[in-house]
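Down below is the structure, laid out as structure tokens.
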Amino acid sequence: MKVDAEMVKYVAGLARLKLSVEEVSYFQTHLAKIIDYVSVLEKAGIDTEDPFLDKTNSTVLRSDKAIMREEKRPISIKVPRIVG
Amino acid sequence: MNDGIIPYSSTAHQIANDFLANQLDIDELYNFYISRVNKNKAKTNSLTFFSDELVHAQLKQLKQLKEIAKKDDLPLAGVPIIIKDNIVDRDMPTSCGSRMLEGFRSGYDATVVQKLREAGAIIFAKANCDEFAMGSTNEHSYFGSVKNPWDVTKVPGGSSGGSAAAVAHDLAPVSIGSDTGGSIRQPASFCGIFGLKPTYGRVSRYGLVAFASSLDQVGPFARNVKDLALTYDVIKGFDEKDSTSVRSINESSCFDELGAMTDLKGLKLGCVVELRDSKLKPDLKKAYLNACDQLKKLGAKVVDISIPSLSNAVAAYYVLASAEAASNLARYDGVRYGYSGNDVDNIDDLYKSSRSQGFGKEVKQRIMLGTFVQSMGYYSSYYGKAEKYRNLMKEEFKQAFTEVDLLISPTCLSTAFKLGEKNKDPLEAYLTDIATVSANLVGIPALSMPIGFDDQNLPVGMQLMGPWYQESMILQAAYQYEQKNNYWHSRTPSI
């Protein structure tokens, strides 16, 4: 994939970065090499995979269960009724 | 230098034991370490913050704590521990090796720091690191490159290079680092010490400045397995402040279990052929194969195993890590905290000036890559593909662990290289992570242990990878190997 100076400036704008002329040239060369390298993933034959399906069932997230406040922390102070 | 204590002779478990048994003059120990740091810290540039006043204040508190606490509650009593500078500590600045956070002070302790304090440790200093933990050489720090204590013309590895170099140089017996793609194991290998990356979720990330949140993990460095296990036991465990923290899985003490094996009989080790048969230098391959033979002599069965997805692991890693980094580092805008740009006309200009002046080249490069792979038109080709690839890798590793107990490989395909050697081509530096990124992508625990030296007398490391939550098995295997092949105590850096 071709990485030109305009593309570098466009991506820098999205990333809220202001680049000098030298930096544009530097990142143009470096990003071209890196993007060319990571493009091997396109040929990895993984199109049928679901990107967010974890087949190992090894999720470390806690169960998504709501806990009522009363269960979590009982109310310790109750103001006595004064009005009415 | 204090004449009473010999460098490299103190271990964390001995310090804690002797201090609690009133058999150690703790002031003498700290006079030794403070003097050693003051004389030597500039040689490797491994520290970003050190204050002897702060150390003495903590010592005073520790002496009071010792009088009232139970001995079992202080497993690291009196042990000096160095913390990587991307982990917050309320008493010390946290710079992340960046101009962006130069002089930044946190209002709270990271959970890891809190646990270490509660266990009686002294938070001794902050360690230099690659900027926001992005790098494999520790040359990308705003505070200058860290040098390898075995040869100061060489890199110590990164990004936790300061943590590794400091322990290898005995500025402390133990340190803490973070590992996103090998940032504990690779510097441990280059500096000839032990380093452990725990299972994702085993150690709280609360207070670790985020680089790539689905890959980051905190872990210890030490010069022996006992100290590594002791420190890991203290920092592991559930933390409700970290939403990815794991609740109570295998909470037994790894330190206590070290002696559970008397040899490695019955253990099946899978030698990863893709990493063994790659571009390993002959002297490294010799050291690695020799270590494999030693493991066999201890009773382990070593078999070849192939994990084909390793071939593109570095590509998947750099897409995912950079994408997460771009999102995580979006918070540095010059408004809320950190460096703020000068001479600006409007708010957009402030954002851009602050970020452009506050971040270094390597960080900008990764932010740019991460922004690109998530941008419209490229998301599914890069980020989506990398996520799919990560799932494929998890499946392959799960399969591998049905065949073998642990996987073994060289930690790196080279020993420490010259400062500046891999700066011109970004891929050369990125590919040094080829053996380590997989453990982060799939979330498994992995350890690097020293197994000898190459032709230039630089340390060589072997990586042990285990199934999810099996840190104890990895540590036990490393401990058995260490008992029979203790290279560290026979050689130390000459600087």
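Labels for the structure tokens follow display order: chains A, B, ..., residues from 1 in each chain, ligands from 1.
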Using only C-alpha atoms, which chain B residues lie at most 6 Å away from chain A, written as an MDAnalysis selection string? chainID B and resid 244 246 315 352 356 387:388
What does the distance from CA of Ala313 in chain B to CA of Glu131 in chain B come to in Å, to one decimal?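 So the two atoms, CA of Ala313 in chain B and CA of Glu131 in chain B, lie 23.0 Å apart.
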What residues in range 205-302 of chain B get the DSSP label helix (DSSP H, G or I)? Please answer as an MDAnalysis selection string. chainID B and resid 225:235 254:260 273:276 282:297
Could you turn the residues from that selection into a file that holds N, CA, C and O atoms, as a compact mmCIF listing (two decimals), in the first residue's frame?
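And here's selection_19.txt as it stands now:
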# COMPACT_ATOMS: atom_id res chain seq x y z
N VAL B 225 14.83 -17.45 41.63
CA VAL B 225 13.42 -17.81 41.51
C VAL B 225 12.65 -17.59 42.81
O VAL B 225 11.49 -17.20 42.81
N LYS B 226 13.31 -17.84 43.94
CA LYS B 226 12.63 -17.65 45.23
C LYS B 226 12.13 -16.21 45.38
O LYS B 226 11.00 -15.98 45.80
N ASP B 227 13.00 -15.24 45.06
CA ASP B 227 12.61 -13.83 45.19
C ASP B 227 11.50 -13.48 44.20
O ASP B 227 10.61 -12.69 44.49
N LEU B 228 11.59 -14.11 43.02
CA LEU B 228 10.57 -13.85 41.98
C LEU B 228 9.20 -14.35 42.47
O LEU B 228 8.20 -13.63 42.37
N ALA B 229 9.17 -15.58 43.01
CA ALA B 229 7.91 -16.17 43.48
C ALA B 229 7.37 -15.40 44.69
O ALA B 229 6.16 -15.15 44.78
N LEU B 230 8.27 -15.01 45.59
CA LEU B 230 7.86 -14.28 46.80
C LEU B 230 7.18 -12.95 46.42
O LEU B 230 6.12 -12.60 46.94
N THR B 231 7.80 -12.24 45.48
CA THR B 231 7.26 -10.94 45.07
C THR B 231 5.96 -11.12 44.30
O THR B 231 4.99 -10.37 44.49
N TYR B 232 5.92 -12.14 43.43
CA TYR B 232 4.70 -12.40 42.67
C TYR B 232 3.54 -12.72 43.62
O TYR B 232 2.41 -12.23 43.43
N ASP B 233 3.80 -13.53 44.64
CA ASP B 233 2.74 -13.86 45.62
C ASP B 233 2.15 -12.61 46.25
O ASP B 233 0.95 -12.54 46.52
N VAL B 234 3.02 -11.63 46.50
CA VAL B 234 2.54 -10.40 47.16
C VAL B 234 1.68 -9.57 46.21
O VAL B 234 0.62 -9.05 46.61
N ILE B 235 2.09 -9.45 44.96
CA ILE B 235 1.37 -8.50 44.07
C ILE B 235 0.17 -9.11 43.37
O ILE B 235 -0.67 -8.39 42.86
N CYS B 254 2.92 -19.52 45.55
CA CYS B 254 3.92 -20.07 44.62
C CYS B 254 5.25 -20.27 45.34
O CYS B 254 5.99 -21.21 45.04
N PHE B 255 5.56 -19.37 46.28
CA PHE B 255 6.82 -19.47 47.04
C PHE B 255 6.84 -20.78 47.83
O PHE B 255 7.83 -21.52 47.80
N ASP B 256 5.73 -21.07 48.52
CA ASP B 256 5.66 -22.30 49.32
C ASP B 256 5.70 -23.55 48.44
O ASP B 256 6.17 -24.60 48.88
N GLU B 257 5.19 -23.43 47.21
CA GLU B 257 5.12 -24.60 46.33
C GLU B 257 6.41 -24.85 45.54
O GLU B 257 6.49 -25.82 44.80
N LEU B 258 7.40 -23.96 45.70
CA LEU B 258 8.63 -24.13 44.89
C LEU B 258 9.29 -25.49 45.10
O LEU B 258 9.84 -26.08 44.18
N GLY B 259 9.22 -25.95 46.33
CA GLY B 259 9.87 -27.23 46.63
C GLY B 259 9.00 -28.45 46.36
O GLY B 259 9.40 -29.58 46.66
N ALA B 260 7.81 -28.22 45.78
CA ALA B 260 6.88 -29.34 45.56
C ALA B 260 7.47 -30.37 44.60
O ALA B 260 7.21 -31.56 44.70
N VAL B 273 9.24 -25.21 17.68
CA VAL B 273 10.21 -25.36 16.57
C VAL B 273 10.34 -24.08 15.76
O VAL B 273 11.42 -23.78 15.24
N GLU B 274 9.26 -23.31 15.63
CA GLU B 274 9.32 -22.07 14.83
C GLU B 274 10.34 -21.09 15.43
O GLU B 274 10.94 -20.30 14.69
N LEU B 275 10.51 -21.14 16.74
CA LEU B 275 11.45 -20.20 17.38
C LEU B 275 12.85 -20.80 17.50
O LEU B 275 13.85 -20.10 17.42
N ARG B 276 12.93 -22.11 17.67
CA ARG B 276 14.24 -22.76 17.77
C ARG B 276 14.95 -22.77 16.42
O ARG B 276 16.15 -22.54 16.33
N PRO B 282 24.51 -19.21 16.13
CA PRO B 282 24.99 -20.52 16.57
C PRO B 282 25.30 -20.61 18.06
O PRO B 282 24.98 -21.60 18.71
N ASP B 283 25.92 -19.53 18.63
CA ASP B 283 26.27 -19.61 20.05
C ASP B 283 25.02 -19.57 20.95
O ASP B 283 24.99 -20.19 22.02
N LEU B 284 23.99 -18.88 20.47
CA LEU B 284 22.73 -18.86 21.23
C LEU B 284 22.04 -20.21 21.15
O LEU B 284 21.50 -20.72 22.14
N LYS B 285 22.06 -20.76 19.95
CA LYS B 285 21.41 -22.05 19.76
C LYS B 285 22.09 -23.12 20.62
O LYS B 285 21.43 -23.97 21.22
N LYS B 286 23.42 -23.00 20.70
CA LYS B 286 24.18 -23.95 21.52
C LYS B 286 23.75 -23.83 23.00
O LYS B 286 23.50 -24.84 23.67
N ALA B 287 23.65 -22.58 23.48
CA ALA B 287 23.25 -22.37 24.88
C ALA B 287 21.82 -22.89 25.11
O ALA B 287 21.53 -23.52 26.13
N TYR B 288 20.95 -22.64 24.13
CA TYR B 288 19.55 -23.05 24.26
C TYR B 288 19.43 -24.59 24.26
O TYR B 288 18.74 -25.16 25.11
N LEU B 289 20.12 -25.22 23.33
CA LEU B 289 20.04 -26.69 23.25
C LEU B 289 20.68 -27.34 24.48
O LEU B 289 20.21 -28.37 24.96
N ASN B 290 21.71 -26.69 24.99
CA ASN B 290 22.34 -27.18 26.22
C ASN B 290 21.35 -27.12 27.39
O ASN B 290 21.25 -28.05 28.19
N ALA B 291 20.59 -26.01 27.45
CA ALA B 291 19.57 -25.88 28.51
C ALA B 291 18.49 -26.95 28.35
O ALA B 291 18.01 -27.50 29.35
N CYS B 292 18.12 -27.24 27.10
CA CYS B 292 17.12 -28.30 26.85
C CYS B 292 17.65 -29.63 27.38
O CYS B 292 16.91 -30.41 28.00
N ASP B 293 18.94 -29.89 27.16
CA ASP B 293 19.54 -31.13 27.66
C ASP B 293 19.51 -31.18 29.19
O ASP B 293 19.28 -32.24 29.77
N GLN B 294 19.79 -30.04 29.80
CA GLN B 294 19.76 -29.98 31.27
C GLN B 294 18.35 -30.29 31.80
O GLN B 294 18.20 -30.97 32.81
N LEU B 295 17.35 -29.75 31.11
CA LEU B 295 15.97 -30.01 31.53
C LEU B 295 15.65 -31.51 31.39
O LEU B 295 14.96 -32.09 32.24
N LYS B 296 16.19 -32.13 30.33
CA LYS B 296 15.98 -33.58 30.14
C LYS B 296 16.67 -34.35 31.28
O LYS B 296 16.12 -35.30 31.82
N LYS B 297 17.88 -33.90 31.64
CA LYS B 297 18.61 -34.58 32.72
C LYS B 297 17.84 -34.50 34.04
O LYS B 297 17.97 -35.37 34.91
Identify, on the basis of only C-alpha atoms, every residue whose closest approach to range 212-218 of chain B does not exceed 10 Å; exclude the query and any residue fewer than 2 positions from it along the same chain; express the result as an mmCIF file with C-alpha atoms, in the first residue's frame.
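Listing of out-v1.cif after writing:
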data_model
loop_
_atom_site.group_PDB
_atom_site.id
_atom_site.type_symbol
_atom_site.label_atom_id
_atom_site.label_comp_id
_atom_site.auth_asym_id
_atom_site.auth_seq_id
_atom_site.Cartn_x
_atom_site.Cartn_y
_atom_site.Cartn_z
ATOM 1 C CA LYS B 84 9.030 1.002 36.771
ATOM 2 C CA ILE B 87 3.385 2.657 37.824
ATOM 3 C CA VAL B 112 0.757 -3.177 43.239
ATOM 4 C CA ALA B 133 6.488 1.448 27.714
ATOM 5 C CA MET B 134 6.805 1.550 23.915
ATOM 6 C CA ILE B 176 8.701 -4.385 39.203
ATOM 7 C CA GLY B 177 8.081 -3.924 35.481
ATOM 8 C CA SER B 178 5.235 -4.145 33.009
ATOM 9 C CA ASP B 179 4.973 -6.432 30.002
ATOM 10 C CA THR B 180 2.826 -5.621 26.965
ATOM 11 C CA GLY B 181 4.713 -7.622 24.322
ATOM 12 C CA GLY B 182 7.790 -8.899 26.146
ATOM 13 C CA SER B 183 8.826 -5.838 28.156
ATOM 14 C CA ILE B 184 9.711 -7.900 31.234
ATOM 15 C CA LEU B 196 7.812 -13.120 35.076
ATOM 16 C CA LYS B 197 4.812 -11.953 33.048
ATOM 17 C CA PRO B 198 1.771 -13.315 34.882
ATOM 18 C CA THR B 199 -1.516 -14.413 33.286
ATOM 19 C CA TYR B 200 -3.587 -11.443 32.103
ATOM 20 C CA GLY B 201 -5.811 -10.442 35.024
ATOM 21 C CA ARG B 202 -3.692 -12.004 37.800
ATOM 22 C CA VAL B 203 -2.008 -8.769 38.865
ATOM 23 C CA SER B 204 -3.994 -5.550 39.141
ATOM 24 C CA ARG B 205 -3.383 -2.931 36.468
ATOM 25 C CA TYR B 206 -4.887 -0.204 38.667
ATOM 26 C CA LEU B 208 -0.322 1.194 35.772
ATOM 27 C CA VAL B 209 -0.373 3.909 33.111
ATOM 28 C CA ALA B 210 -2.157 2.239 30.191
ATOM 29 C CA PRO B 220 8.487 -8.905 38.954
ATOM 30 C CA TYR B 232 4.699 -12.405 42.671
ATOM 31 C CA ILE B 235 1.375 -8.503 44.068
ATOM 32 C CA LYS B 236 -1.076 -11.052 42.620
ATOM 33 C CA THR B 244 -10.236 -7.262 34.245
ATOM 34 C CA TYR B 317 0.543 -7.554 17.946
ATOM 35 C CA LEU B 320 -3.621 -4.286 18.187
ATOM 36 C CA ALA B 321 -1.111 -2.691 20.568
ATOM 37 C CA SER B 322 -0.827 0.463 18.447
ATOM 38 C CA ALA B 323 -4.609 0.763 18.094
ATOM 39 C CA GLU B 324 -5.066 0.525 21.856
ATOM 40 C CA ALA B 325 -2.157 2.913 22.454
ATOM 41 C CA ALA B 326 -3.687 5.517 20.126
ATOM 42 C CA SER B 327 -6.929 5.356 22.134
ATOM 43 C CA ASN B 328 -5.270 5.317 25.554
ATOM 44 C CA LEU B 329 -2.938 8.202 24.775
ATOM 45 C CA VAL B 437 4.363 -11.192 21.934
ATOM 46 C CA ALA B 439 2.034 -14.772 25.527
ATOM 47 C CA ASN B 440 0.475 -11.295 25.655
ATOM 48 C CA LEU B 441 -1.846 -11.873 22.719
ATOM 49 C CA VAL B 442 -3.253 -15.055 24.271
ATOM 50 C CA GLY B 443 -2.908 -13.900 27.900
ATOM 51 C CA PRO B 445 1.949 -16.569 31.923
#
Exercise: Ala416 in chain B partners within 6 Å, only C-alpha atoms, chain neighbours under 6 positions left out, as a list of chain:residue names: B:Lys154, B:Val155, B:Phe190
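Take CA of Ser189 in chain B and CA of Thr48 in chain B: the distance between them is 22.0 Å.
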What does the distance from CA of Ala429 in chain B to CA of Asp130 in chain B come to in Å, to one decimal? 13.0 Å
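Close contacts of Ala222 in chain B, defined as residues with an atom at most 7 Å away when counting only C-alpha atoms, with chain neighbours fewer than 4 positions off set aside, comprise Val167, Pro173, Val174, Ser175, Ile193, Phe194, Gly195, Asp227 and Leu228 of chain B.
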Residues from the last selection, N, CA, C and O atoms, saved as a PDB file, in the first residue's frame:
ATOM      1  N   VAL B 167      18.369  -4.347  38.788  1.00  0.00           N
ATOM      2  CA  VAL B 167      18.501  -5.603  39.552  1.00  0.00           C
ATOM      3  C   VAL B 167      19.770  -6.342  39.132  1.00  0.00           C
ATOM      4  O   VAL B 167      20.499  -6.884  39.975  1.00  0.00           O
ATOM      5  N   PRO B 173      17.470  -5.941  45.177  1.00  0.00           N
ATOM      6  CA  PRO B 173      17.352  -7.359  44.822  1.00  0.00           C
ATOM      7  C   PRO B 173      16.148  -7.669  43.932  1.00  0.00           C
ATOM      8  O   PRO B 173      16.123  -8.705  43.268  1.00  0.00           O
ATOM      9  N   VAL B 174      15.153  -6.784  43.949  1.00  0.00           N
ATOM     10  CA  VAL B 174      13.905  -7.049  43.227  1.00  0.00           C
ATOM     11  C   VAL B 174      13.409  -5.756  42.588  1.00  0.00           C
ATOM     12  O   VAL B 174      13.647  -4.665  43.122  1.00  0.00           O
ATOM     13  N   SER B 175      12.746  -5.882  41.440  1.00  0.00           N
ATOM     14  CA  SER B 175      12.090  -4.711  40.849  1.00  0.00           C
ATOM     15  C   SER B 175      10.784  -5.140  40.204  1.00  0.00           C
ATOM     16  O   SER B 175      10.513  -6.333  40.048  1.00  0.00           O
ATOM     17  N   ILE B 193      18.809 -12.001  34.204  1.00  0.00           N
ATOM     18  CA  ILE B 193      18.061 -12.225  35.448  1.00  0.00           C
ATOM     19  C   ILE B 193      16.722 -12.914  35.127  1.00  0.00           C
ATOM     20  O   ILE B 193      16.440 -13.214  33.964  1.00  0.00           O
ATOM     21  N   PHE B 194      15.919 -13.157  36.163  1.00  0.00           N
ATOM     22  CA  PHE B 194      14.606 -13.778  35.979  1.00  0.00           C
ATOM     23  C   PHE B 194      13.537 -12.687  35.865  1.00  0.00           C
ATOM     24  O   PHE B 194      13.598 -11.680  36.573  1.00  0.00           O
ATOM     25  N   GLY B 195      12.559 -12.928  34.993  1.00  0.00           N
ATOM     26  CA  GLY B 195      11.430 -11.994  34.869  1.00  0.00           C
ATOM     27  C   GLY B 195      10.162 -12.763  34.576  1.00  0.00           C
ATOM     28  O   GLY B 195      10.181 -13.708  33.782  1.00  0.00           O
ATOM     29  N   ASP B 227      13.001 -15.243  45.065  1.00  0.00           N
ATOM     30  CA  ASP B 227      12.606 -13.834  45.193  1.00  0.00           C
ATOM     31  C   ASP B 227      11.504 -13.484  44.201  1.00  0.00           C
ATOM     32  O   ASP B 227      10.606 -12.686  44.494  1.00  0.00           O
ATOM     33  N   LEU B 228      11.587 -14.107  43.017  1.00  0.00           N
ATOM     34  CA  LEU B 228      10.573 -13.847  41.983  1.00  0.00           C
ATOM     35  C   LEU B 228       9.203 -14.347  42.469  1.00  0.00           C
ATOM     36  O   LEU B 228       8.199 -13.634  42.372  1.00  0.00           O
TER      37      LEU B 228
END
